[in-house]
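**Q** Dropping in my_file.csv, which is CSV, C-alpha atoms and all ligand atoms:
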```csv
chain,number,residue,atom,x,y,z
N,1,MET,CA,-33.0,-34.0,57.6
N,2,GLU,CA,-32.7,-37.2,55.6
N,3,ASP,CA,-30.5,-40.0,57.1
N,4,GLY,CA,-27.6,-39.4,54.7
N,5,MET,CA,-27.5,-35.7,55.6
N,6,GLU,CA,-27.5,-36.6,59.3
N,7,LYS,CA,-24.5,-38.7,58.6
N,8,MET,CA,-22.9,-35.8,56.7
N,9,SER,CA,-23.5,-33.5,59.7
N,10,GLU,CA,-22.0,-36.0,62.1
N,11,ALA,CA,-19.0,-36.5,59.8
N,12,LEU,CA,-18.4,-32.8,59.7
N,13,LYS,CA,-18.6,-32.6,63.5
N,14,SER,CA,-16.1,-35.4,63.8
N,15,LEU,CA,-13.7,-33.3,61.6
N,16,GLY,CA,-14.1,-30.3,63.8
N,17,VAL,CA,-16.6,-28.3,61.7
N,18,GLU,CA,-19.9,-27.1,63.1
N,19,PRO,CA,-22.3,-27.7,60.2
N,20,SER,CA,-24.4,-24.6,59.7
N,21,ARG,CA,-27.9,-24.6,58.2
N,22,GLU,CA,-26.5,-22.8,55.1
N,23,MET,CA,-23.9,-25.5,54.6
N,24,MET,CA,-26.4,-28.4,54.8
N,25,GLU,CA,-28.9,-26.6,52.5
N,26,ARG,CA,-26.1,-26.2,50.0
N,27,PHE,CA,-25.1,-29.8,50.1
N,28,GLU,CA,-28.7,-30.9,49.6
N,29,LEU,CA,-29.2,-28.6,46.6
N,30,TYR,CA,-25.9,-29.5,45.1
N,31,MET,CA,-26.7,-33.2,45.3
N,32,GLU,CA,-30.2,-32.6,43.7
N,33,ARG,CA,-28.7,-30.7,40.8
N,34,VAL,CA,-25.9,-33.2,40.1
N,35,LEU,CA,-28.4,-36.1,40.1
N,36,GLU,CA,-30.8,-34.2,37.9
N,37,TRP,CA,-28.0,-33.3,35.4
N,38,ASN,CA,-26.8,-36.9,35.5
N,39,GLU,CA,-29.9,-37.9,33.6
N,40,GLN,CA,-28.6,-36.0,30.6
N,41,VAL,CA,-24.8,-35.8,31.1
N,42,ASN,CA,-22.5,-38.4,32.6
N,43,LEU,CA,-21.3,-36.8,35.9
N,44,THR,CA,-21.3,-39.7,38.3
N,45,ALA,CA,-21.9,-43.4,38.4
N,46,ILE,CA,-23.4,-43.0,41.9
N,47,ARG,CA,-27.2,-42.5,41.9
N,48,ASP,CA,-28.1,-43.6,45.4
N,49,ARG,CA,-28.4,-40.6,47.7
N,50,ASP,CA,-26.7,-42.2,50.8
N,51,ALA,CA,-23.8,-43.5,48.6
N,52,PHE,CA,-23.6,-40.0,47.0
N,53,ILE,CA,-23.2,-38.4,50.4
N,54,GLU,CA,-20.5,-40.9,51.5
N,55,LYS,CA,-18.5,-41.3,48.3
N,56,HIS,CA,-18.7,-37.6,47.1
N,57,PHE,CA,-19.4,-35.4,50.1
N,58,ILE,CA,-17.8,-37.1,53.1
N,59,ASP,CA,-14.9,-38.4,51.0
N,60,SER,CA,-14.2,-34.9,49.6
N,61,VAL,CA,-14.0,-33.2,53.0
N,62,CYS,CA,-11.9,-35.9,54.8
N,63,CYS,CA,-8.7,-33.7,54.9
N,64,ILE,CA,-10.2,-30.6,56.6
N,65,SER,CA,-9.0,-31.4,60.1
N,66,ASP,CA,-5.4,-31.5,59.0
N,67,SER,CA,-3.4,-28.4,60.0
N,68,ARG,CA,-1.9,-28.3,56.5
N,69,TRP,CA,-5.4,-27.8,55.1
N,70,LYS,CA,-6.3,-25.2,57.8
N,71,GLU,CA,-3.5,-22.9,57.0
N,72,ALA,CA,-4.2,-22.6,53.2
N,73,VAL,CA,-6.0,-19.7,51.6
N,74,ASN,CA,-6.0,-20.3,47.8
N,75,VAL,CA,-7.0,-23.7,46.6
N,76,ILE,CA,-7.2,-25.2,43.1
N,77,ASP,CA,-9.0,-28.4,42.2
N,78,VAL,CA,-7.6,-30.0,39.1
N,79,GLY,CA,-9.9,-32.3,37.1
N,80,THR,CA,-12.9,-31.4,39.3
N,81,GLY,CA,-15.6,-33.1,37.1
N,82,ALA,CA,-18.9,-32.4,38.9
N,83,GLY,CA,-17.0,-30.4,41.6
N,84,PHE,CA,-15.2,-33.1,43.6
N,85,PRO,CA,-13.5,-32.6,46.0
N,86,GLY,CA,-13.3,-28.8,45.5
N,87,LEU,CA,-16.9,-27.8,45.9
N,88,PRO,CA,-17.7,-29.7,49.1
N,89,LEU,CA,-14.4,-28.3,50.5
N,90,ALA,CA,-15.5,-24.8,49.5
N,91,ILE,CA,-18.9,-25.3,51.2
N,92,VAL,CA,-17.3,-26.1,54.5
N,93,SER,CA,-14.4,-23.6,54.1
N,94,PRO,CA,-16.0,-20.2,53.3
N,95,GLU,CA,-12.8,-18.4,54.4
N,96,LYS,CA,-10.8,-19.9,51.5
N,97,LYS,CA,-10.8,-19.1,47.8
N,98,PHE,CA,-11.3,-22.0,45.3
N,99,LEU,CA,-10.7,-22.4,41.6
N,100,LEU,CA,-12.2,-25.5,40.1
N,101,VAL,CA,-10.7,-26.6,36.7
N,102,ASP,CA,-11.7,-29.2,34.2
N,103,SER,CA,-10.9,-29.8,30.5
N,104,LEU,CA,-14.5,-30.7,29.7
N,105,ASN,CA,-16.5,-27.5,29.1
N,106,LYS,CA,-19.8,-29.2,29.5
N,107,ARG,CA,-19.0,-30.0,33.1
N,108,ILE,CA,-17.8,-26.5,33.8
N,109,ARG,CA,-20.9,-25.0,32.4
N,110,ILE,CA,-23.1,-27.2,34.6
N,111,LEU,CA,-20.9,-26.4,37.6
N,112,ASN,CA,-21.1,-22.7,37.0
N,113,GLY,CA,-24.9,-22.9,37.0
N,114,ILE,CA,-24.8,-24.8,40.3
N,115,LEU,CA,-22.3,-22.4,41.9
N,116,GLU,CA,-24.6,-19.5,41.0
N,117,GLU,CA,-27.7,-21.3,42.4
N,118,LEU,CA,-25.8,-22.1,45.6
N,119,GLY,CA,-24.7,-18.5,46.0
N,120,MET,CA,-21.1,-19.5,46.3
N,121,LYS,CA,-18.9,-16.4,46.6
N,122,ASN,CA,-15.6,-18.1,47.3
N,123,VAL,CA,-15.5,-20.4,44.2
N,124,SER,CA,-15.1,-20.1,40.5
N,125,ALA,CA,-15.0,-22.7,37.8
N,126,LEU,CA,-12.7,-22.5,34.8
N,127,HIS,CA,-12.6,-24.6,31.6
N,128,GLY,CA,-9.1,-25.7,30.5
N,129,ARG,CA,-6.4,-28.3,30.5
N,130,ALA,CA,-4.1,-28.2,33.5
N,131,GLU,CA,-1.1,-28.4,31.1
N,132,GLU,CA,-2.2,-25.1,29.4
N,133,LEU,CA,-3.5,-23.2,32.5
N,134,ALA,CA,-0.4,-23.9,34.5
N,135,ARG,CA,1.7,-22.1,31.9
N,136,GLN,CA,-0.3,-18.8,32.4
N,137,LYS,CA,1.4,-16.4,34.8
N,138,LYS,CA,-2.0,-15.7,36.5
N,139,TYR,CA,-2.2,-19.3,37.7
N,140,ARG,CA,1.4,-20.4,37.9
N,141,GLU,CA,2.7,-21.1,41.4
N,142,LYS,CA,-0.2,-19.1,42.9
N,143,PHE,CA,-1.9,-21.7,45.0
N,144,ASP,CA,-1.3,-22.8,48.6
N,145,ILE,CA,-3.0,-26.1,47.9
N,146,CYS,CA,-4.0,-28.2,44.9
N,147,VAL,CA,-6.5,-31.0,45.5
N,148,SER,CA,-7.3,-33.7,43.0
N,149,ARG,CA,-9.3,-36.9,43.0
N,150,ALA,CA,-9.6,-39.7,40.3
N,151,VAL,CA,-7.7,-37.8,37.6
N,152,SER,CA,-4.6,-39.8,36.9
N,153,ARG,CA,-1.7,-41.7,38.6
N,154,LEU,CA,0.5,-39.6,40.8
N,155,SER,CA,3.4,-39.5,38.3
N,156,VAL,CA,1.1,-37.8,35.7
N,157,LEU,CA,-0.9,-35.8,38.3
N,158,ALA,CA,2.3,-34.3,39.7
N,159,GLU,CA,3.0,-32.7,36.3
N,160,TYR,CA,-0.6,-31.3,36.1
N,161,CYS,CA,-0.7,-30.0,39.6
N,162,LEU,CA,2.8,-29.0,41.0
N,163,PRO,CA,3.2,-26.1,38.6
N,164,PHE,CA,0.1,-24.4,40.1
N,165,ILE,CA,1.5,-24.6,43.7
N,166,ARG,CA,3.7,-22.0,45.4
N,167,GLU,CA,6.9,-23.0,47.0
N,168,GLY,CA,6.0,-24.3,50.5
N,169,GLY,CA,2.5,-25.2,49.3
N,170,ARG,CA,1.1,-28.7,48.9
N,171,LEU,CA,-0.6,-31.2,46.6
N,172,ILE,CA,-3.3,-33.1,48.4
N,173,ALA,CA,-4.0,-36.2,46.2
N,174,TYR,CA,-6.9,-38.5,46.9
N,175,LYS,CA,-5.7,-41.9,46.2
N,176,GLY,CA,-6.8,-45.5,46.4
N,177,PRO,CA,-5.3,-48.7,48.0
N,178,ASP,CA,-2.2,-48.5,45.7
N,179,ALA,CA,-1.2,-45.1,47.1
N,180,ASP,CA,2.3,-46.4,48.1
N,181,GLY,CA,2.8,-48.0,44.7
N,182,GLU,CA,1.9,-44.7,43.0
N,183,VAL,CA,4.3,-42.8,45.3
N,184,SER,CA,7.2,-45.1,44.3
N,185,GLU,CA,6.4,-44.8,40.7
N,186,ALA,CA,6.3,-41.0,40.9
N,187,ALA,CA,9.7,-40.6,42.5
N,188,SER,CA,11.5,-39.2,39.5
N,189,ALA,CA,8.6,-37.0,38.4
N,190,LEU,CA,8.3,-35.5,41.8
N,191,SER,CA,12.0,-34.7,42.1
N,192,VAL,CA,12.1,-33.1,38.6
N,193,LEU,CA,8.9,-31.0,39.3
N,194,GLY,CA,10.0,-29.8,42.8
N,195,GLY,CA,7.7,-32.0,45.0
N,196,SER,CA,8.5,-34.2,48.0
N,197,VAL,CA,6.1,-36.7,49.6
N,198,GLU,CA,5.4,-35.7,53.2
N,199,GLU,CA,2.9,-38.3,54.2
N,200,VAL,CA,0.6,-41.0,52.9
N,201,SER,CA,-2.3,-41.1,55.3
N,202,ALA,CA,-4.1,-44.1,56.5
N,203,THR,CA,-7.6,-44.6,55.0
N,204,CYS,CA,-9.8,-41.8,56.2
N,205,MET,CA,-13.4,-41.9,57.4
N,206,GLU,CA,-13.7,-45.7,57.0
N,207,LYS,CA,-16.7,-45.6,59.3
N,208,TYR,CA,-18.6,-43.8,56.6
N,209,GLY,CA,-17.6,-46.2,53.8
N,210,VAL,CA,-14.8,-43.9,52.6
N,211,ASN,CA,-11.5,-45.5,51.9
N,212,HIS,CA,-9.3,-43.0,50.1
N,213,ARG,CA,-5.7,-42.4,51.3
N,214,ILE,CA,-4.4,-38.9,51.1
N,215,VAL,CA,-0.9,-38.3,49.7
N,216,TYR,CA,0.5,-35.0,50.9
N,217,VAL,CA,3.2,-33.7,48.6
N,218,LYS,CA,5.1,-30.6,49.6
N,219,LYS,CA,6.4,-28.2,47.0
N,220,VAL,CA,10.0,-27.8,48.0
N,221,LYS,CA,11.4,-26.0,45.0
N,222,LYS,CA,10.1,-24.1,41.9
N,223,THR,CA,9.0,-26.2,38.9
N,224,PRO,CA,11.3,-25.7,36.0
N,225,ALA,CA,9.7,-23.5,33.3
N,226,SER,CA,9.7,-26.4,30.8
N,227,TYR,CA,6.9,-28.1,32.7
N,228,PRO,CA,4.1,-29.0,32.3
N,229,ARG,CA,4.9,-30.3,28.8
N,230,LYS,CA,2.4,-30.0,25.9
N,231,ALA,CA,-1.2,-31.1,26.5
N,232,GLY,CA,-1.4,-34.9,26.4
N,233,THR,CA,2.4,-35.5,26.8
N,234,PRO,CA,2.3,-36.1,30.6
N,235,GLU,CA,-0.2,-38.8,30.2
N,236,ARG,CA,1.4,-40.4,27.2
N,237,ASN,CA,4.9,-40.2,28.5
N,238,PRO,CA,5.0,-39.8,32.3
N,239,LEU,CA,8.2,-38.5,33.7
W,1,LIG,N1,-12.4,-35.2,40.4
W,1,LIG,C1,-13.8,-35.6,40.0
W,1,LIG,C2,-14.3,-36.7,41.0
W,1,LIG,O1,-13.5,-37.2,41.8
W,1,LIG,O2,-15.4,-37.1,40.9
W,1,LIG,C3,-13.8,-36.0,38.6
W,1,LIG,C4,-13.0,-37.3,38.3
W,1,LIG,S1,-13.1,-37.7,36.6
W,1,LIG,C5,-12.8,-39.4,36.6
W,1,LIG,C6,-11.6,-37.0,35.9
W,1,LIG,C7,-11.8,-35.5,35.4
W,1,LIG,O3,-10.6,-35.0,35.1
W,1,LIG,C8,-12.7,-35.4,34.2
W,1,LIG,O4,-13.7,-34.5,34.4
W,1,LIG,C9,-11.7,-34.9,33.1
W,1,LIG,O5,-12.3,-34.0,32.2
W,1,LIG,C10,-10.7,-34.2,34.0
W,1,LIG,N2,-9.3,-34.1,33.4
W,1,LIG,C11,-8.6,-35.1,32.9
W,1,LIG,N3,-7.4,-34.7,32.5
W,1,LIG,C12,-7.4,-33.3,32.7
W,1,LIG,C13,-6.4,-32.3,32.4
W,1,LIG,N4,-5.3,-32.6,31.8
W,1,LIG,N5,-6.7,-31.0,32.8
W,1,LIG,C14,-7.9,-30.7,33.3
W,1,LIG,N6,-8.9,-31.7,33.6
W,1,LIG,C15,-8.6,-32.9,33.3
```
Turn the structure described in the file into structure tokens.
Ligand code: SAM

**A**
Amino acid sequence: MEDGMEKMSEALKSLGVEPSREMMERFELYMERVLEWNEQVNLTAIRDRDAFIEKHFIDSVCCISDSRWKEAVNVIDVGTGAGFPGLPLAIVSPEKKFLLVDSLNKRIRILNGILEELGMKNVSALHGRAEELARQKKYREKFDICVSRAVSRLSVLAEYCLPFIREGGRLIAYKGPDADGEVSEAASALSVLGGSVEEVSATCMEKYGVNHRIVYVKKVKKTPASYPRKAGTPERNPL
């Protein structure tokens, strides 16, 4: 195993997951395919393999030791891009079901090819804007957890994500150093949409060069039917 993969394996153990051979093979193949596609389509700015493992794989899985993660069954990743954090989470959580959503169809097509090659049975990828998908009965308030990384500030993200989450479920938002500022700014959006901040975690997995802070938002009441607003409105005019 290359150095980076050793680190991945060690990180998983520290999070309470025994890395299987199948998991590690999937991570390797996933990285190879993303880096290959990256030559033609912009998927990630990270080209170095060690940095890829830290910033994409270890960062993505940093919430798996939390009891709130463990109890979830249905998970949606909004604005997944090349599959982060949803696909690494799906690789290490074969017992859960994942839906990866992105508004750029090119990325979803690439992701579907990768999912097939990895033989992932617990994941599907869907093209669409969160504002539109969340209005469909099939997806509305159907998920235990919504994860999202690097999509938008919490006030906007709340409108994209909370409508997908069932009452009692959670948004797990991967945020940067200004997590507290984003939480304050999102206070009115969260209260309108039925969310309540439970915790802003300390930086996780710093040892591995990962410095995201996780914002846990609990869905405490149903989202009013008028949200999310029309595509583009949440970003232009945050609540
Ligand atoms: N989450 C991935 C990561 O951390 O590497 C990708 C982050 S990328 C900066 C943001 C992604 O969110 C893009 O792929 C974009 O197409 C998607 N996106 C932005 N707004 C969206 C929306 N309203 N609905 C669905 N996807 C959206």

**Q** If the limit is 7 Å from any atom of ligand LIG 1 (chain W), counting only C-alpha atoms and all ligand atoms, which residues qualify? Return them as an MDAnalysis selection string.

**A** chainID N and resid 44 78:85 101:104 128:131 148:151 160 231

**Q** Can you check which parts of region 87-131 of chain N lie within 12 Å of region 10-21 of chain N? Per residue, the shortest pair of atoms and distance in Å to one decimal, counting all atoms listed in the file, sorted by chain and number, as a Markdown table.

**A**
```
| residue | atom | partner | partner_atom | distance |
| --- | --- | --- | --- | --- |
| N:Pro88 | CA | N:Leu12 | CA | 11.1 |
| N:Leu89 | CA | N:Leu12 | CA | 11.0 |
| N:Ile91 | CA | N:Pro19 | CA | 9.9 |
| N:Val92 | CA | N:Val17 | CA | 7.6 |
| N:Ser93 | CA | N:Val17 | CA | 9.2 |
| N:Pro94 | CA | N:Ser20 | CA | 11.4 |
```

**Q** Using all atoms listed in the file, can you tell me which of N:His56, N:Lys138, N:Lys218, N:His127 comes closest to Gly169 (chain N)?

**A** N:Lys218

**Q** Which one is closest to Ser152 (chain N): N:Glu235, N:Glu25, N:Glu185, N:Glu117? Count only C-alpha atoms.

**A**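 Between N:Glu235, N:Glu25, N:Glu185, N:Glu117, the residue approaching Ser152 (chain N) most closely is N:Glu235.
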
**Q** Given all atoms listed in the file as the basis, pick out the residue of N:Val147, N:Val197, N:Asp3, N:Val34 nearest to Ile64 (chain N).

**A**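 Once distances to Ile64 (chain N) are computed over all atoms listed in the file, the minimum belongs to N:Val147.
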
**Q** Hey, what's within 10 Å of Phe52 (chain N) if we count only C-alpha atoms and toss same-chain stuff fewer than 6 positions away? As JSON, numbers by chain, please?

**A** {"N": [4, 31, 34, 35, 44, 45, 46, 58, 59]}

**Q** Please determine, counting only C-alpha atoms, which residue among N:Ser65, N:Thr223, N:Asn42, N:Ser196 has the shortest atom-to-atom distance to Leu162 (chain N).

**A**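 Nearest to Leu162 (chain N): N:Thr223.
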
**Q** Measure the distance from CA of Gly176 (chain N) to CA of Asn237 (chain N) in Å and round it to one decimal.

**A**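 Spanning CA of Gly176 (chain N) to CA of Asn237 (chain N) is a straight-line distance of 22.0 Å.
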
**Q** Between N:Tyr174, N:Phe98, N:Phe164, N:Trp69, which one has atoms that come closest to Gly194 (chain N), using only C-alpha atoms?

**A**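 Checking each of N:Tyr174, N:Phe98, N:Phe164, N:Trp69 against Gly194 (chain N), counting only C-alpha atoms, the winner is N:Phe164.
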
**Q** Enter the distance from CA of Arg135 (chain N) to CA of Arg153 (chain N), in Å, rounded to one decimal.

**A** 21.0 Å

**Q** Could you check the closest approach to Asp50 (chain N) for each of N:Met120, N:Met8, N:Cys204, N:Ala189 and tell me which residue wins, using all atoms listed in the file?

**A**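 Counting all atoms listed in the file, the residue closest to Asp50 (chain N) is N:Met8.
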
**Q** Please measure the separation of CA of Leu87 (chain N) and CA of Leu118 (chain N), giving the value in Å to one decimal.

**A**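 Taking CA of Leu87 (chain N) and CA of Leu118 (chain N), their separation equals 10.6 Å.
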
**Q** Could you give me, as a ChimeraX atom specification, the residues within 9 Å of Arg33 (chain N), counting only C-alpha atoms and dropping anything in the same chain fewer than 5 positions from it?

**A** /N:28,38,114
